[in-house]
Amino acid sequence: MRSTVNRVLLALAGLVLVAVGGAVLAIGLGASVPSWSPWDGKTDVLLSAADRHRWRDEGWWWPVVIAVLAVLVVLALWWFFAQFRRGRLTEVLVDSGDGEGAQLRGRALEGVLAAESGELDGVARAQAMLTGRRTEPRARLRLLMEPHAAPLGTLNAVADGALAHARVSAGLDELPAEVRLKAVKHRAERVS
């Protein structure tokens with residue numbers, strides 16, 4: 001979801017910047033100015049002296065400007081640092097009992113979860129992803145179900161099988177999981 005939001009925000013920001021930049025460039029090159037435009041022509045400035053001095057003597061003006069700019073900077077920094085967060089867990093910390101610990105690759109555990117879930121009766125395809133922290137991972141499973149599959153039975157089999165095995169093998173107290181079931185698209189059967 002984060003990549004979709006990023007693409008939409010970047011597309012909107014780019015569209016606004018291209019439109020404003022193109023309009024200013026066209027006016028600067030001497031193109032005719034529409035009647036609703038805030039600029040009169042080639043020699044007009046973006047902010048006149050009167051516009052720059054209009055609010056200067058008001059006591060609320062500068063605190064509001066600084067607050068708005070501070071909020072924009074905080075939002076921009078939050079968005080920037082959010083790009084470095086990984087959605088997928090790269091490693092899981094396993095308690096080896098000797099006080100040291102070991103690291104288990106997240107992709108390996110995901111592969112085992114997907115393979116074991118995919119072997120269940122009625123599951124056409126399984127995908128697994130680990131999120132969270134390396135000491136407290138969370139699992140997300142997506143199962144593509146065959147038409148004859150029983151969702152409740154499959155869900156119980158995943159909880160008692162693949163998820164329990166992963167939790168025990170990684171030495172975790174708990175492994176919260178979100179399992180999404182989706183049916184395979186198929187043609188209706190003919191009854192004659």
# chains A, B, ... in the order shown; residues from 1 in each chain; ligands from 1
>>> closest_atom_pairs(of="range 10-121 of chain A", to="range 155-176 of chain A", cutoff="9 Å", atoms="only C-alpha atoms", output="tab-separated table")
residue	atom	partner	partner_atom	distance
A:Val92	CA	A:Ala170	CA	7.8
A:Leu93	CA	A:Ala170	CA	8.0
A:Val94	CA	A:Ala170	CA	5.5
A:Asp95	CA	A:Gly171	CA	6.3
A:Ser96	CA	A:Gly171	CA	8.1
A:Leu104	CA	A:Ala170	CA	7.8
A:Leu109	CA	A:Ala166	CA	7.2
A:Val112	CA	A:Ala162	CA	8.0
A:Leu113	CA	A:Ala162	CA	5.6
A:Ala114	CA	A:Ala162	CA	8.2
A:Ala115	CA	A:Ala162	CA	8.7
A:Glu116	CA	A:Ala162	CA	5.7
A:Ser117	CA	A:Ala162	CA	6.0
A:Leu120	CA	A:Ala157	CA	7.7
>>> residues_around(residues="Met129 in chain A", least_positions_apart="2", cutoff="6 Å", atoms="only C-alpha atoms", output="count of residues only")
3
>>> atom_distance(atom1="CA of Val123 in chain A", atom2="CA of Arg138 in chain A")
21.4 Å
>>> select_by_dssp(residues="range 36-80 of chain A", states="alpha helix (DSSP H)", output="ChimeraX atom specification")
/A:49-53,61-80
>>> residues_around(residues="range 2-19 of chain A", least_positions_apart="2", cutoff="12 Å", atoms="only C-alpha atoms", output="list in words")
Gly21, Gly22, Ala23, Val24, Leu25, Ala26, Ala76, Trp79, Phe80, Ala82, Gln83, Phe84, Arg85, Arg86 and Gly87 of chain A
>>> write_last_selection(atoms="C-alpha atoms", output="PDB file, in the first residue's frame")
ATOM      1  CA  GLY A  21       6.144  25.706 -14.031  1.00  0.00           C
ATOM      2  CA  GLY A  22       4.768  25.489 -17.550  1.00  0.00           C
ATOM      3  CA  ALA A  23       2.376  28.369 -16.921  1.00  0.00           C
ATOM      4  CA  VAL A  24       5.113  30.591 -15.467  1.00  0.00           C
ATOM      5  CA  LEU A  25       7.456  29.707 -18.332  1.00  0.00           C
ATOM      6  CA  ALA A  26       4.796  30.414 -20.943  1.00  0.00           C
ATOM      7  CA  ALA A  76       8.146  15.580   4.468  1.00  0.00           C
ATOM      8  CA  TRP A  79       7.519  10.478   4.360  1.00  0.00           C
ATOM      9  CA  PHE A  80      11.258  10.415   3.596  1.00  0.00           C
ATOM     10  CA  ALA A  82       9.123   5.881   5.777  1.00  0.00           C
ATOM     11  CA  GLN A  83      10.788   4.985   2.481  1.00  0.00           C
ATOM     12  CA  PHE A  84      13.593   3.212   4.322  1.00  0.00           C
ATOM     13  CA  ARG A  85      11.309   1.013   6.397  1.00  0.00           C
ATOM     14  CA  ARG A  86      11.121  -2.461   5.048  1.00  0.00           C
ATOM     15  CA  GLY A  87       7.730  -4.025   4.824  1.00  0.00           C
TER      16      GLY A  87
END
>>> select_by_dssp(residues="range 80-124 of chain A", states="strand (DSSP E or B)", output="MDAnalysis selection string")
chainID A and resid 91:94 102:105 123:124
>>> write_last_selection(atoms="C-alpha atoms", output="PDB file, in the first residue's frame")
ATOM      1  CA  GLU A  91      15.661 -11.964   9.755  1.00  0.00           C
ATOM      2  CA  VAL A  92      14.159 -13.505  12.855  1.00  0.00           C
ATOM      3  CA  LEU A  93      16.136 -13.682  16.090  1.00  0.00           C
ATOM      4  CA  VAL A  94      16.035 -17.236  17.480  1.00  0.00           C
ATOM      5  CA  ALA A 102      20.915 -17.084  16.173  1.00  0.00           C
ATOM      6  CA  GLN A 103      19.487 -15.379  13.129  1.00  0.00           C
ATOM      7  CA  LEU A 104      17.046 -17.090  10.829  1.00  0.00           C
ATOM      8  CA  ARG A 105      16.547 -15.611   7.380  1.00  0.00           C
ATOM      9  CA  VAL A 123      -5.016 -24.904  -1.478  1.00  0.00           C
ATOM     10  CA  ALA A 124      -3.994 -24.058  -5.034  1.00  0.00           C
TER      11      ALA A 124
END
>>> atom_distance(atom1="CA of Gly118 in chain A", atom2="CA of Glu146 in chain A")
11.2 Å
>>> atom_distance(atom1="CA of Arg133 in chain A", atom2="CA of Gly101 in chain A")
15.2 Å
>>> closest_atom_pairs(of="range 71-123 of chain A", to="range 61-66 of chain A", cutoff="12 Å", atoms="only C-alpha atoms", output="JSON lines")
{"residue": "A:Val71", "atom": "CA", "partner": "A:Ile66", "partner_atom": "CA", "distance": 8.6}
{"residue": "A:Leu72", "atom": "CA", "partner": "A:Ile66", "partner_atom": "CA", "distance": 9.8}
{"residue": "A:Val73", "atom": "CA", "partner": "A:Ile66", "partner_atom": "CA", "distance": 10.4}
>>> decode(residues="range 76-139 of chain A", atoms="C-alpha atoms", output="PDB file, in the first residue's frame")
ATOM      1  CA  ALA A  76       8.146  15.580   4.468  1.00  0.00           C
ATOM      2  CA  LEU A  77      10.667  14.055   6.882  1.00  0.00           C
ATOM      3  CA  TRP A  78       8.178  11.390   7.990  1.00  0.00           C
ATOM      4  CA  TRP A  79       7.519  10.478   4.360  1.00  0.00           C
ATOM      5  CA  PHE A  80      11.258  10.415   3.596  1.00  0.00           C
ATOM      6  CA  PHE A  81      12.109   8.112   6.515  1.00  0.00           C
ATOM      7  CA  ALA A  82       9.123   5.881   5.777  1.00  0.00           C
ATOM      8  CA  GLN A  83      10.788   4.985   2.481  1.00  0.00           C
ATOM      9  CA  PHE A  84      13.593   3.212   4.322  1.00  0.00           C
ATOM     10  CA  ARG A  85      11.309   1.013   6.397  1.00  0.00           C
ATOM     11  CA  ARG A  86      11.121  -2.461   5.048  1.00  0.00           C
ATOM     12  CA  GLY A  87       7.730  -4.025   4.824  1.00  0.00           C
ATOM     13  CA  ARG A  88       9.262  -7.471   4.873  1.00  0.00           C
ATOM     14  CA  LEU A  89      11.218  -8.901   7.791  1.00  0.00           C
ATOM     15  CA  THR A  90      14.731  -9.894   6.698  1.00  0.00           C
ATOM     16  CA  GLU A  91      15.661 -11.964   9.755  1.00  0.00           C
ATOM     17  CA  VAL A  92      14.159 -13.505  12.855  1.00  0.00           C
ATOM     18  CA  LEU A  93      16.136 -13.682  16.090  1.00  0.00           C
ATOM     19  CA  VAL A  94      16.035 -17.236  17.480  1.00  0.00           C
ATOM     20  CA  ASP A  95      16.921 -17.916  21.116  1.00  0.00           C
ATOM     21  CA  SER A  96      19.485 -20.726  20.944  1.00  0.00           C
ATOM     22  CA  GLY A  97      19.576 -21.249  24.719  1.00  0.00           C
ATOM     23  CA  ASP A  98      23.251 -20.305  25.169  1.00  0.00           C
ATOM     24  CA  GLY A  99      22.598 -16.599  25.634  1.00  0.00           C
ATOM     25  CA  GLU A 100      23.921 -15.747  22.173  1.00  0.00           C
ATOM     26  CA  GLY A 101      20.988 -16.315  19.851  1.00  0.00           C
ATOM     27  CA  ALA A 102      20.915 -17.084  16.173  1.00  0.00           C
ATOM     28  CA  GLN A 103      19.487 -15.379  13.129  1.00  0.00           C
ATOM     29  CA  LEU A 104      17.046 -17.090  10.829  1.00  0.00           C
ATOM     30  CA  ARG A 105      16.547 -15.611   7.380  1.00  0.00           C
ATOM     31  CA  GLY A 106      13.039 -14.271   7.002  1.00  0.00           C
ATOM     32  CA  ARG A 107      12.765 -15.525   3.409  1.00  0.00           C
ATOM     33  CA  ALA A 108      13.593 -19.059   4.550  1.00  0.00           C
ATOM     34  CA  LEU A 109      10.817 -19.049   7.150  1.00  0.00           C
ATOM     35  CA  GLU A 110       8.424 -17.515   4.614  1.00  0.00           C
ATOM     36  CA  GLY A 111       9.290 -20.240   2.126  1.00  0.00           C
ATOM     37  CA  VAL A 112       8.625 -22.987   4.651  1.00  0.00           C
ATOM     38  CA  LEU A 113       5.312 -21.405   5.714  1.00  0.00           C
ATOM     39  CA  ALA A 114       4.200 -21.082   2.082  1.00  0.00           C
ATOM     40  CA  ALA A 115       5.312 -24.604   1.152  1.00  0.00           C
ATOM     41  CA  GLU A 116       3.633 -26.269   4.119  1.00  0.00           C
ATOM     42  CA  SER A 117       0.430 -24.257   3.658  1.00  0.00           C
ATOM     43  CA  GLY A 118       0.423 -24.951  -0.083  1.00  0.00           C
ATOM     44  CA  GLU A 119       0.481 -28.723   0.510  1.00  0.00           C
ATOM     45  CA  LEU A 120      -2.883 -28.670   2.270  1.00  0.00           C
ATOM     46  CA  ASP A 121      -5.871 -30.172   0.501  1.00  0.00           C
ATOM     47  CA  GLY A 122      -7.817 -27.484  -1.322  1.00  0.00           C
ATOM     48  CA  VAL A 123      -5.016 -24.904  -1.478  1.00  0.00           C
ATOM     49  CA  ALA A 124      -3.994 -24.058  -5.034  1.00  0.00           C
ATOM     50  CA  ARG A 125      -1.248 -21.580  -4.092  1.00  0.00           C
ATOM     51  CA  ALA A 126       0.132 -20.097  -0.884  1.00  0.00           C
ATOM     52  CA  GLN A 127       2.172 -16.963  -0.244  1.00  0.00           C
ATOM     53  CA  ALA A 128       3.741 -15.952   3.055  1.00  0.00           C
ATOM     54  CA  MET A 129       5.310 -12.730   4.300  1.00  0.00           C
ATOM     55  CA  LEU A 130       6.847 -11.882   7.668  1.00  0.00           C
ATOM     56  CA  THR A 131       6.499  -8.390   9.120  1.00  0.00           C
ATOM     57  CA  GLY A 132       7.124  -6.818  12.501  1.00  0.00           C
ATOM     58  CA  ARG A 133      10.341  -6.863  14.512  1.00  0.00           C
ATOM     59  CA  ARG A 134      12.945  -9.589  14.478  1.00  0.00           C
ATOM     60  CA  THR A 135      12.103 -10.562  18.054  1.00  0.00           C
ATOM     61  CA  GLU A 136       8.331 -10.349  17.506  1.00  0.00           C
ATOM     62  CA  PRO A 137       7.535 -11.361  13.920  1.00  0.00           C
ATOM     63  CA  ARG A 138       4.056 -11.438  12.428  1.00  0.00           C
ATOM     64  CA  ALA A 139       3.007 -13.677   9.555  1.00  0.00           C
TER      65      ALA A 139
END
